[in-house]
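Data file: entry_28.pdb. Format and content: PDB, C-alpha atoms, pLDDT in the B column.
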ATOM      1  CA  MET A   1      -2.144  23.340   3.489  1.00 49.00           C
ATOM      2  CA  SER A   2      -3.596  22.399   6.825  1.00 75.00           C
ATOM      3  CA  ALA A   3      -5.042  18.970   6.011  1.00 86.00           C
ATOM      4  CA  PRO A   4      -3.019  15.856   6.846  1.00 94.00           C
ATOM      5  CA  PRO A   5      -1.825  13.646   3.974  1.00 96.00           C
ATOM      6  CA  LEU A   6      -4.399  11.360   2.373  1.00 96.00           C
ATOM      7  CA  VAL A   7      -3.838   7.664   2.935  1.00 96.00           C
ATOM      8  CA  LEU A   8      -4.381   5.465  -0.119  1.00 97.00           C
ATOM      9  CA  SER A   9      -3.662   1.772  -0.661  1.00 97.00           C
ATOM     10  CA  ARG A  10      -1.016   0.423  -3.054  1.00 97.00           C
ATOM     11  CA  CYS A  11      -1.545  -3.164  -4.177  1.00 97.00           C
ATOM     12  CA  GLU A  12       1.552  -5.274  -3.663  1.00 97.00           C
ATOM     13  CA  GLY A  13       0.528  -7.489  -6.599  1.00 97.00           C
ATOM     14  CA  CYS A  14      -0.123  -5.037  -9.434  1.00 97.00           C
ATOM     15  CA  GLU A  15       0.999  -1.676  -7.916  1.00 97.00           C
ATOM     16  CA  LEU A  16      -2.460  -0.076  -8.356  1.00 97.00           C
ATOM     17  CA  LEU A  17      -3.057   2.931  -6.111  1.00 97.00           C
ATOM     18  CA  TYR A  18      -6.673   3.075  -4.876  1.00 96.00           C
ATOM     19  CA  LEU A  19      -8.916   4.343  -2.079  1.00 95.00           C
ATOM     20  CA  PRO A  20      -8.643   2.109   0.983  1.00 94.00           C
ATOM     21  CA  THR A  21     -11.629  -0.206   1.133  1.00 89.00           C
ATOM     22  CA  PRO A  22     -12.315  -3.573   2.698  1.00 89.00           C
ATOM     23  CA  GLY A  23     -11.701  -6.434   0.340  1.00 93.00           C
ATOM     24  CA  PRO A  24      -9.263  -7.188  -2.446  1.00 96.00           C
ATOM     25  CA  CYS A  25      -7.533  -4.970  -4.993  1.00 97.00           C
ATOM     26  CA  PRO A  26     -10.086  -3.827  -7.592  1.00 95.00           C
ATOM     27  CA  ARG A  27      -7.685  -4.710 -10.450  1.00 97.00           C
ATOM     28  CA  CYS A  28      -6.049  -8.045  -9.555  1.00 97.00           C
ATOM     29  CA  ALA A  29      -7.927  -9.235  -6.417  1.00 97.00           C
ATOM     30  CA  SER A  30      -4.761  -9.426  -4.325  1.00 97.00           C
ATOM     31  CA  ARG A  31      -5.375  -8.927  -0.621  1.00 96.00           C
ATOM     32  CA  ARG A  32      -1.883  -7.528   0.007  1.00 97.00           C
ATOM     33  CA  ALA A  33      -1.869  -3.724   0.121  1.00 97.00           C
ATOM     34  CA  THR A  34       0.388  -1.134   1.701  1.00 97.00           C
ATOM     35  CA  PRO A  35      -0.843   2.243   3.007  1.00 97.00           C
ATOM     36  CA  VAL A  36       0.674   5.169   1.082  1.00 97.00           C
ATOM     37  CA  GLU A  37       0.487   8.835   2.090  1.00 97.00           C
ATOM     38  CA  VAL A  38      -0.131  11.323  -0.737  1.00 97.00           C
ATOM     39  CA  PRO A  39      -0.567  15.115  -0.717  1.00 96.00           C
ATOM     40  CA  PRO A  40      -4.079  16.227   0.351  1.00 97.00           C
ATOM     41  CA  THR A  41      -4.716  18.100  -2.880  1.00 97.00           C
ATOM     42  CA  GLY A  42      -6.621  17.362  -6.059  1.00 97.00           C
ATOM     43  CA  ILE A  43      -8.251  18.814  -9.148  1.00 97.00           C
ATOM     44  CA  VAL A  44     -12.033  19.055  -9.558  1.00 98.00           C
ATOM     45  CA  LEU A  45     -13.326  17.088 -12.550  1.00 98.00           C
ATOM     46  CA  ALA A  46     -17.002  17.932 -11.993  1.00 98.00           C
ATOM     47  CA  ALA A  47     -19.171  19.472  -9.279  1.00 97.00           C
ATOM     48  CA  THR A  48     -22.885  19.746  -8.583  1.00 96.00           C
ATOM     49  CA  GLU A  49     -25.243  21.337  -6.104  1.00 94.00           C
ATOM     50  CA  VAL A  50     -28.337  19.437  -4.948  1.00 89.00           C
ATOM     51  CA  GLU A  51     -31.126  21.822  -3.925  1.00 88.00           C
ATOM     52  CA  SER A  52     -33.415  19.132  -2.465  1.00 87.00           C
ATOM     53  CA  PRO A  53     -31.149  16.511  -0.872  1.00 84.00           C
ATOM     54  CA  ALA A  54     -32.293  13.452   1.030  1.00 86.00           C
ATOM     55  CA  GLU A  55     -33.586  13.952   4.543  1.00 89.00           C
ATOM     56  CA  GLY A  56     -30.789  14.622   7.009  1.00 87.00           C
ATOM     57  CA  TRP A  57     -28.483  16.336   4.503  1.00 80.00           C
ATOM     58  CA  PRO A  58     -28.064  20.115   4.442  1.00 77.00           C
ATOM     59  CA  SER A  59     -29.478  22.154   1.588  1.00 82.00           C
ATOM     60  CA  PRO A  60     -27.881  23.027  -0.696  1.00 84.00           C
ATOM     61  CA  HIS A  61     -25.715  19.902  -0.730  1.00 88.00           C
ATOM     62  CA  ARG A  62     -22.577  20.295  -2.850  1.00 93.00           C
ATOM     63  CA  LEU A  63     -20.566  17.381  -4.243  1.00 95.00           C
ATOM     64  CA  ALA A  64     -17.391  17.238  -6.336  1.00 98.00           C
ATOM     65  CA  LEU A  65     -15.619  14.500  -8.259  1.00 98.00           C
ATOM     66  CA  VAL A  66     -11.928  15.053  -7.519  1.00 98.00           C
ATOM     67  CA  GLU A  67      -8.788  13.491  -8.965  1.00 98.00           C
ATOM     68  CA  VAL A  68      -5.879  13.105  -6.558  1.00 97.00           C
ATOM     69  CA  GLU A  69      -2.424  11.572  -7.083  1.00 93.00           C
ATOM     70  CA  ASP A  70      -2.011   8.793  -9.684  1.00 93.00           C
ATOM     71  CA  SER A  71      -5.457   9.476 -11.191  1.00 95.00           C
ATOM     72  CA  VAL A  72      -7.309   8.194  -8.105  1.00 97.00           C
ATOM     73  CA  ARG A  73     -10.801   9.717  -8.135  1.00 97.00           C
ATOM     74  CA  LEU A  74     -13.120  10.298  -5.211  1.00 97.00           C
ATOM     75  CA  LEU A  75     -16.505  11.862  -4.561  1.00 97.00           C
ATOM     76  CA  ALA A  76     -16.392  14.501  -1.848  1.00 97.00           C
ATOM     77  CA  ILE A  77     -18.655  16.867   0.052  1.00 95.00           C
ATOM     78  CA  VAL A  78     -17.837  20.489  -0.821  1.00 96.00           C
ATOM     79  CA  GLU A  79     -17.356  22.985   1.973  1.00 93.00           C
ATOM     80  CA  GLY A  80     -17.917  26.560   0.887  1.00 91.00           C
ATOM     81  CA  PRO A  81     -18.646  27.757  -2.638  1.00 92.00           C
ATOM     82  CA  LEU A  82     -19.079  25.237  -5.423  1.00 94.00           C
ATOM     83  CA  PRO A  83     -15.759  24.789  -7.242  1.00 95.00           C
ATOM     84  CA  ALA A  84     -15.494  24.688 -11.031  1.00 96.00           C
ATOM     85  CA  ALA A  85     -13.897  21.957 -13.108  1.00 97.00           C
ATOM     86  CA  GLY A  86     -10.143  22.495 -13.021  1.00 97.00           C
ATOM     87  CA  ASP A  87     -10.070  24.153  -9.588  1.00 97.00           C
ATOM     88  CA  ALA A  88      -7.424  22.963  -7.142  1.00 97.00           C
ATOM     89  CA  VAL A  89      -8.867  21.751  -3.847  1.00 97.00           C
ATOM     90  CA  GLU A  90      -7.678  20.535  -0.472  1.00 97.00           C
ATOM     91  CA  VAL A  91      -9.016  17.084   0.435  1.00 97.00           C
ATOM     92  CA  ARG A  92      -9.487  15.587   3.875  1.00 96.00           C
ATOM     93  CA  ARG A  93     -11.124  12.450   5.145  1.00 95.00           C
ATOM     94  CA  GLU A  94     -13.551  12.521   8.060  1.00 94.00           C
ATOM     95  CA  GLY A  95     -14.646   9.019   8.985  1.00 91.00           C
ATOM     96  CA  GLU A  96     -15.872   7.388   5.784  1.00 90.00           C
ATOM     97  CA  ALA A  97     -16.496  10.674   3.924  1.00 94.00           C
ATOM     98  CA  TYR A  98     -14.152  12.939   1.999  1.00 96.00           C
ATOM     99  CA  HIS A  99     -14.490  16.725   2.175  1.00 96.00           C
ATOM    100  CA  VAL A 100     -12.986  19.368  -0.115  1.00 97.00           C
ATOM    101  CA  GLN A 101     -12.566  23.097  -0.186  1.00 95.00           C
ATOM    102  CA  ARG A 102     -10.924  25.314  -2.773  1.00 91.00           C
ATOM    103  CA  LEU A 103      -7.294  26.122  -2.164  1.00 86.00           C
ATOM    104  CA  ARG A 104      -6.638  29.717  -1.316  1.00 70.00           C
ATOM    105  CA  LEU A 105      -4.296  31.236  -3.865  1.00 58.00           C
ATOM    106  CA  ASP A 106      -1.657  33.743  -2.899  1.00 47.00           C
ATOM    107  CA  PRO A 107      -3.248  37.104  -3.947  1.00 50.00           C
ATOM    108  CA  ARG A 108       0.193  38.367  -5.011  1.00 46.00           C
ATOM    109  CA  LYS A 109       0.278  35.637  -7.694  1.00 44.00           C
ATOM    110  CA  GLU A 110      -3.263  36.051  -9.051  1.00 43.00           C
TER
END

I need this file expressed as structure tokens, please.
Amino acid sequence: MSAPPLVLSRCEGCELLYLPTPGPCPRCASRRATPVEVPPTGIVLAATEVESPAEGWPSPHRLALVEVEDSVRLLAIVEGPLPAAGDAVEVRREGEAYHVQRLRLDPRKE
């Protein structure tokens, strides 16, 4: 893996792990959260390719719904071929967007 760890937020009130966002915990509304580093990997739940995206986005535009540690889900821009549900991916954050690409498997183990 070459991506740095993902940083999520853990609520100090109810222990929920969630994507860092401004505002309170989505479960209990506590404003006390601690940053937590998790591995930058996840499993694709669904993926799609948009052939005619909005102006300013490349075509085709690929998106994937990915589940990372503790069932946290995020929508990410796919780099490279469209992954299938169940594929393992590497996740990285660039600014406010998440990006994913399929993990390269060791050919000796395939």

| request: Enumerate, as a PyMOL selection string, the residues matched when the PyMOL selection byres ((chain A and resi 84) around 8) is run on the file above. | output: chain A and resi 44+46-47+82-83+85-87

| said: Under the PyMOL selection byres ((chain A and resi 49) around 9), which residues of this model are included? Write them out as a PyMOL selection string. | reply: chain A and resi 47-48+50-51+59-64+82

| task | Enumerate, as a ChimeraX atom specification, the residues matched when the PyMOL selection byres ((chain A and resi 91) around 12) is run on the file above. | result | /A:1-7,38-44,64-69,73-79,88-90,92-94,97-103

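One distance worth recording is that between atom CA of A:Gly95 and atom CA of A:Val36, which is 17.7 Å.
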
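Counting all atoms listed in the file, the residue from A:Cys28, A:Gly23, A:Glu96, A:Ala33 that sits nearest to A:Cys11 is A:Ala33.
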
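The smallest atom-to-atom distance between A:Asp70 and any of A:Leu17, A:Leu45, A:Leu8, A:Ala54, using all atoms listed in the file, is found for A:Leu17.
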
Compile the contact shell of A:Glu12 as a PDB file with C-alpha atoms, in the coordinates of the input: residues with an atom at most 12 Å away, counting all atoms listed in the file, same-chain residues fewer than 2 positions apart removed.
ATOM      1  CA  SER A   9      -3.662   1.772  -0.661  1.00 97.00           C
ATOM      2  CA  ARG A  10      -1.016   0.423  -3.054  1.00 97.00           C
ATOM      3  CA  CYS A  14      -0.123  -5.037  -9.434  1.00 97.00           C
ATOM      4  CA  GLU A  15       0.999  -1.676  -7.916  1.00 97.00           C
ATOM      5  CA  LEU A  16      -2.460  -0.076  -8.356  1.00 97.00           C
ATOM      6  CA  LEU A  17      -3.057   2.931  -6.111  1.00 97.00           C
ATOM      7  CA  TYR A  18      -6.673   3.075  -4.876  1.00 96.00           C
ATOM      8  CA  PRO A  24      -9.263  -7.188  -2.446  1.00 96.00           C
ATOM      9  CA  CYS A  25      -7.533  -4.970  -4.993  1.00 97.00           C
ATOM     10  CA  ARG A  27      -7.685  -4.710 -10.450  1.00 97.00           C
ATOM     11  CA  CYS A  28      -6.049  -8.045  -9.555  1.00 97.00           C
ATOM     12  CA  ALA A  29      -7.927  -9.235  -6.417  1.00 97.00           C
ATOM     13  CA  SER A  30      -4.761  -9.426  -4.325  1.00 97.00           C
ATOM     14  CA  ARG A  31      -5.375  -8.927  -0.621  1.00 96.00           C
ATOM     15  CA  ARG A  32      -1.883  -7.528   0.007  1.00 97.00           C
ATOM     16  CA  ALA A  33      -1.869  -3.724   0.121  1.00 97.00           C
ATOM     17  CA  THR A  34       0.388  -1.134   1.701  1.00 97.00           C
ATOM     18  CA  PRO A  35      -0.843   2.243   3.007  1.00 97.00           C
ATOM     19  CA  VAL A  36       0.674   5.169   1.082  1.00 97.00           C
TER      20      VAL A  36
END

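Distances here use all atoms listed in the file; by that measure, the residue among A:Leu19, A:Arg104, A:Ser52, A:Trp57 closest to A:Gly80 is A:Arg104.
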
Using C-alpha atoms, give me chain A from the structure I just pasted, as a compact mmCIF listing (two decimals), in the first residue's frame.
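File result_5.txt, as written:
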# COMPACT_ATOMS: atom_id res chain seq x y z
CA MET A 1 0.00 0.00 0.00
CA SER A 2 1.24 3.45 -0.83
CA ALA A 3 -1.67 5.56 0.46
CA PRO A 4 -1.44 7.11 3.92
CA PRO A 5 -3.92 5.96 6.59
CA LEU A 6 -7.45 7.33 6.37
CA VAL A 7 -8.45 9.68 9.16
CA LEU A 8 -11.95 9.14 10.55
CA SER A 9 -13.66 10.66 13.58
CA ARG A 10 -14.64 8.70 16.71
CA CYS A 11 -17.37 10.30 18.81
CA GLU A 12 -16.37 10.58 22.44
CA GLY A 13 -20.04 10.34 23.47
CA CYS A 14 -21.30 7.23 21.69
CA GLU A 15 -18.09 5.78 20.13
CA LEU A 16 -19.46 6.01 16.55
CA LEU A 17 -16.76 6.00 13.87
CA TYR A 18 -17.67 8.30 10.96
CA LEU A 19 -16.22 10.41 8.14
CA PRO A 20 -14.88 13.71 9.48
CA THR A 21 -17.37 16.47 8.78
CA PRO A 22 -18.13 19.83 10.32
CA GLY A 23 -20.83 19.66 12.93
CA PRO A 24 -21.94 17.17 15.54
CA CYS A 25 -21.88 13.38 15.65
CA PRO A 26 -24.55 12.02 13.28
CA ARG A 27 -25.79 9.58 15.97
CA CYS A 28 -25.82 11.47 19.29
CA ALA A 29 -25.06 15.12 18.33
CA SER A 30 -22.00 15.30 20.57
CA ARG A 31 -19.41 17.79 19.38
CA ARG A 32 -16.51 15.89 20.97
CA ALA A 33 -14.68 13.70 18.46
CA THR A 34 -11.19 12.27 18.25
CA PRO A 35 -9.33 11.67 14.96
CA VAL A 36 -8.60 7.97 14.36
CA GLU A 37 -6.29 6.55 11.69
CA VAL A 38 -7.52 3.41 9.90
CA PRO A 39 -6.00 1.36 7.07
CA PRO A 40 -6.53 2.93 3.61
CA THR A 41 -8.34 -0.12 2.26
CA GLY A 42 -11.96 -1.02 1.69
CA ILE A 43 -14.37 -3.29 -0.14
CA VAL A 44 -16.51 -2.10 -3.06
CA LEU A 45 -20.25 -2.41 -2.39
CA ALA A 46 -21.35 -0.96 -5.73
CA ALA A 47 -19.80 0.90 -8.66
CA THR A 48 -21.09 2.79 -11.68
CA GLU A 49 -19.78 4.54 -14.76
CA VAL A 50 -21.41 7.78 -15.93
CA GLU A 51 -21.01 8.25 -19.69
CA SER A 52 -22.37 11.83 -19.77
CA PRO A 53 -21.24 13.50 -16.54
CA ALA A 54 -21.85 17.10 -15.58
CA GLU A 55 -19.75 19.75 -17.26
CA GLY A 56 -16.21 19.83 -15.90
CA TRP A 57 -16.05 16.12 -15.04
CA PRO A 58 -14.15 13.65 -17.22
CA SER A 59 -16.02 11.10 -19.30
CA PRO A 60 -16.45 8.34 -18.43
CA HIS A 61 -16.79 9.26 -14.76
CA ARG A 62 -16.52 6.24 -12.45
CA LEU A 63 -17.83 6.16 -8.88
CA ALA A 64 -17.77 3.47 -6.19
CA LEU A 65 -19.50 3.03 -2.86
CA VAL A 66 -16.81 1.63 -0.56
CA GLU A 67 -16.95 0.23 2.96
CA VAL A 68 -13.89 0.85 5.11
CA GLU A 69 -13.19 -0.07 8.74
CA ASP A 70 -16.13 -0.36 11.18
CA SER A 71 -18.69 -0.32 8.33
CA VAL A 72 -17.99 3.33 7.46
CA ARG A 73 -19.12 3.90 3.87
CA LEU A 74 -17.93 6.53 1.44
CA LEU A 75 -18.49 7.49 -2.18
CA ALA A 76 -15.26 7.72 -4.14
CA ILE A 77 -13.97 8.57 -7.60
CA VAL A 78 -12.52 5.47 -9.29
CA GLU A 79 -9.11 5.68 -10.89
CA GLY A 80 -8.55 3.06 -13.55
CA PRO A 81 -10.93 0.26 -14.49
CA LEU A 82 -14.32 0.05 -12.83
CA PRO A 83 -14.13 -2.34 -9.87
CA ALA A 84 -16.79 -4.97 -9.19
CA ALA A 85 -18.72 -5.44 -5.96
CA GLY A 86 -16.47 -7.31 -3.54
CA ASP A 87 -13.19 -5.99 -4.97
CA ALA A 88 -10.60 -4.75 -2.49
CA VAL A 89 -9.51 -1.17 -3.12
CA GLU A 90 -7.01 1.34 -1.81
CA VAL A 91 -8.62 4.58 -0.63
CA ARG A 92 -7.05 8.02 -0.37
CA ARG A 93 -8.41 11.45 0.34
CA GLU A 94 -7.52 14.43 -1.83
CA GLY A 95 -9.02 17.61 -0.43
CA GLU A 96 -12.72 16.93 0.09
CA ALA A 97 -12.88 13.97 -2.33
CA TYR A 98 -12.03 10.31 -1.88
CA HIS A 99 -10.35 8.32 -4.65
CA VAL A 100 -10.02 4.55 -5.02
CA GLN A 101 -8.15 2.10 -7.17
CA ARG A 102 -8.16 -1.68 -7.12
CA LEU A 103 -5.48 -3.30 -5.03
CA ARG A 104 -2.88 -5.14 -7.01
CA LEU A 105 -2.82 -8.78 -6.00
CA ASP A 106 0.38 -10.75 -5.80
CA PRO A 107 0.34 -12.78 -9.08
CA ARG A 108 1.92 -15.73 -7.25
CA LYS A 109 -1.22 -15.96 -5.08
CA GLU A 110 -3.84 -15.62 -7.83
